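Trainee: Before I ask anything, let me first share the structure, which is written out below as structure tokens.
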Amino acid sequence: MAHIIVLGAGTGGMPAAYELREKLGSAHQITVINAVDYFQFVPSNPWVAVGWRQRDAITFEIRPYLEKKGSTLLPKL
């Protein structure tokens, strides 16, 4: 069994963790390490700044999505 570590849960890390899980199956452990416990769609930040969106419309907690796929989230220490 391998233990794969994905650094960052952004627009690269989240798909990487999902695709690794799909390709490797449940025989291997996948852990994502991220500075925060949520995903924020950064290109939408200007919309928040000008009041076109609320912050909660462009962010979501990532732990439940990773756990649903059998992966683990560790916050950056």
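Identifiers in the structure tokens: chain A, B, ... in order shown; residue index from 1 per chain; ligand index from 1 in order shown.
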Residues near region 28-35 of chain A, anyone? I mean within 7 Å using only C-alpha atoms, not counting same-chain ones fewer than 3 positions away, as a ChimeraX atom specification.

Mentor: /A:1-9,17,24-25,71-76

Trainee: Deliver the residues from the most recent selection as a file, using all heavy atoms, as a CSV table (one decimal), in the first residue's frame.

Mentor:
```
chain,number,residue,atom,x,y,z
A,1,MET,N,0.8,-1.2,0.0
A,1,MET,CA,0.0,0.0,0.0
A,1,MET,C,0.9,1.2,0.0
A,1,MET,O,1.8,1.4,0.8
A,1,MET,CB,-0.9,0.0,1.2
A,1,MET,CG,-1.7,1.3,1.3
A,1,MET,SD,-2.9,1.4,2.7
A,1,MET,CE,-1.9,2.2,3.9
A,2,ALA,N,0.6,2.2,-0.9
A,2,ALA,CA,1.3,3.5,-0.9
A,2,ALA,C,0.5,4.5,-0.2
A,2,ALA,O,-0.7,4.4,0.0
A,2,ALA,CB,1.5,3.9,-2.4
A,3,HIS,N,1.2,5.5,0.3
A,3,HIS,CA,0.5,6.7,0.9
A,3,HIS,C,0.9,7.9,0.1
A,3,HIS,O,2.1,8.3,0.1
A,3,HIS,CB,1.0,6.8,2.4
A,3,HIS,CG,0.3,7.9,3.1
A,3,HIS,ND1,0.4,8.1,4.5
A,3,HIS,CD2,-0.7,8.8,2.7
A,3,HIS,CE1,-0.3,9.1,4.8
A,3,HIS,NE2,-1.0,9.6,3.8
A,4,ILE,N,0.0,8.4,-0.6
A,4,ILE,CA,0.2,9.5,-1.5
A,4,ILE,C,-0.2,10.8,-0.8
A,4,ILE,O,-1.3,10.9,-0.3
A,4,ILE,CB,-0.6,9.4,-2.9
A,4,ILE,CG1,-0.1,8.1,-3.6
A,4,ILE,CG2,-0.4,10.6,-3.7
A,4,ILE,CD1,-1.0,7.0,-3.5
A,5,ILE,N,0.7,11.8,-0.9
A,5,ILE,CA,0.4,13.1,-0.3
A,5,ILE,C,0.3,14.1,-1.4
A,5,ILE,O,1.1,14.2,-2.3
A,5,ILE,CB,1.6,13.6,0.6
A,5,ILE,CG1,2.0,12.5,1.6
A,5,ILE,CG2,1.4,14.9,1.2
A,5,ILE,CD1,1.0,12.4,2.7
A,6,VAL,N,-0.8,14.9,-1.4
A,6,VAL,CA,-1.1,15.9,-2.4
A,6,VAL,C,-1.0,17.2,-1.6
A,6,VAL,O,-1.7,17.4,-0.6
A,6,VAL,CB,-2.5,15.8,-3.0
A,6,VAL,CG1,-2.8,17.0,-3.9
A,6,VAL,CG2,-2.7,14.5,-3.7
A,7,LEU,N,-0.1,18.1,-2.0
A,7,LEU,CA,0.1,19.4,-1.4
A,7,LEU,C,-0.7,20.4,-2.0
A,7,LEU,O,-0.5,20.8,-3.2
A,7,LEU,CB,1.6,19.8,-1.4
A,7,LEU,CG,2.6,18.8,-0.7
A,7,LEU,CD1,4.0,19.3,-0.9
A,7,LEU,CD2,2.2,18.7,0.8
A,8,GLY,N,-1.7,21.0,-1.3
A,8,GLY,CA,-2.6,22.0,-1.8
A,8,GLY,C,-3.9,21.4,-2.3
A,8,GLY,O,-3.9,20.4,-2.9
A,9,ALA,N,-5.0,22.1,-1.9
A,9,ALA,CA,-6.3,21.7,-2.3
A,9,ALA,C,-7.0,22.7,-3.2
A,9,ALA,O,-8.1,23.1,-3.1
A,9,ALA,CB,-7.2,21.4,-1.1
A,17,ALA,N,-6.3,14.7,-6.4
A,17,ALA,CA,-6.7,13.7,-5.4
A,17,ALA,C,-7.8,12.8,-5.9
A,17,ALA,O,-7.8,11.6,-5.7
A,17,ALA,CB,-7.1,14.5,-4.1
A,24,LEU,N,-6.2,4.6,-8.6
A,24,LEU,CA,-5.6,3.7,-7.7
A,24,LEU,C,-6.5,2.8,-6.9
A,24,LEU,O,-6.1,1.8,-6.3
A,24,LEU,CB,-4.7,4.4,-6.7
A,24,LEU,CG,-3.5,5.2,-7.4
A,24,LEU,CD1,-2.8,6.1,-6.3
A,24,LEU,CD2,-2.6,4.3,-8.1
A,25,GLY,N,-7.8,3.2,-6.7
A,25,GLY,CA,-8.7,2.4,-5.9
A,25,GLY,C,-8.4,2.6,-4.4
A,25,GLY,O,-7.7,3.5,-4.0
A,71,SER,N,-10.5,9.9,1.0
A,71,SER,CA,-9.2,10.5,1.2
A,71,SER,C,-9.3,11.3,2.5
A,71,SER,O,-10.3,11.5,3.0
A,71,SER,CB,-8.9,11.5,0.0
A,71,SER,OG,-8.8,10.7,-1.2
A,72,THR,N,-8.1,11.8,2.9
A,72,THR,CA,-8.0,12.5,4.2
A,72,THR,C,-7.5,13.9,3.9
A,72,THR,O,-6.7,14.2,3.1
A,72,THR,CB,-7.0,11.8,5.1
A,72,THR,OG1,-7.4,10.4,5.2
A,72,THR,CG2,-6.9,12.4,6.5
A,73,LEU,N,-7.9,14.9,4.8
A,73,LEU,CA,-7.4,16.2,4.7
A,73,LEU,C,-6.7,16.5,6.0
A,73,LEU,O,-7.1,16.2,7.1
A,73,LEU,CB,-8.6,17.3,4.6
A,73,LEU,CG,-8.2,18.7,4.7
A,73,LEU,CD1,-7.3,19.2,3.5
A,73,LEU,CD2,-9.4,19.6,4.9
A,74,LEU,N,-5.5,17.0,5.9
A,74,LEU,CA,-4.7,17.5,7.0
A,74,LEU,C,-4.4,19.0,6.8
A,74,LEU,O,-4.0,19.4,5.8
A,74,LEU,CB,-3.3,16.8,7.1
A,74,LEU,CG,-3.4,15.3,7.4
A,74,LEU,CD1,-1.9,14.7,7.4
A,74,LEU,CD2,-4.0,15.1,8.8
A,75,PRO,N,-4.7,19.8,7.9
A,75,PRO,CA,-4.4,21.2,7.8
A,75,PRO,C,-2.9,21.4,7.8
A,75,PRO,O,-2.2,20.6,8.4
A,75,PRO,CB,-5.1,21.8,9.0
A,75,PRO,CG,-5.2,20.7,9.9
A,75,PRO,CD,-5.3,19.5,9.1
A,76,LYS,N,-2.4,22.5,7.2
A,76,LYS,CA,-1.0,22.8,7.2
A,76,LYS,C,-0.6,23.1,8.7
A,76,LYS,O,-1.4,23.8,9.4
A,76,LYS,CB,-0.7,24.0,6.3
A,76,LYS,CG,0.7,24.5,6.3
A,76,LYS,CD,0.8,25.6,5.3
A,76,LYS,CE,1.3,26.8,6.1
A,76,LYS,NZ,1.4,28.0,5.3
```

Trainee: Any idea what's packed within 12 Å of region 41-55 of chain A, counting only C-alpha atoms, ignoring anything in its chain fewer than 2 positions away? Could you give it as a PyMOL selection string?

Mentor: chain A and resi 9-12+14+38-39+57-61

Trainee: If you run DSSP on this backbone, which residues of chain A come out as strand (DSSP E), and could you give them as a PyMOL selection string?

Mentor: chain A and resi 3-7+29-34+38-40+59-61+72-75
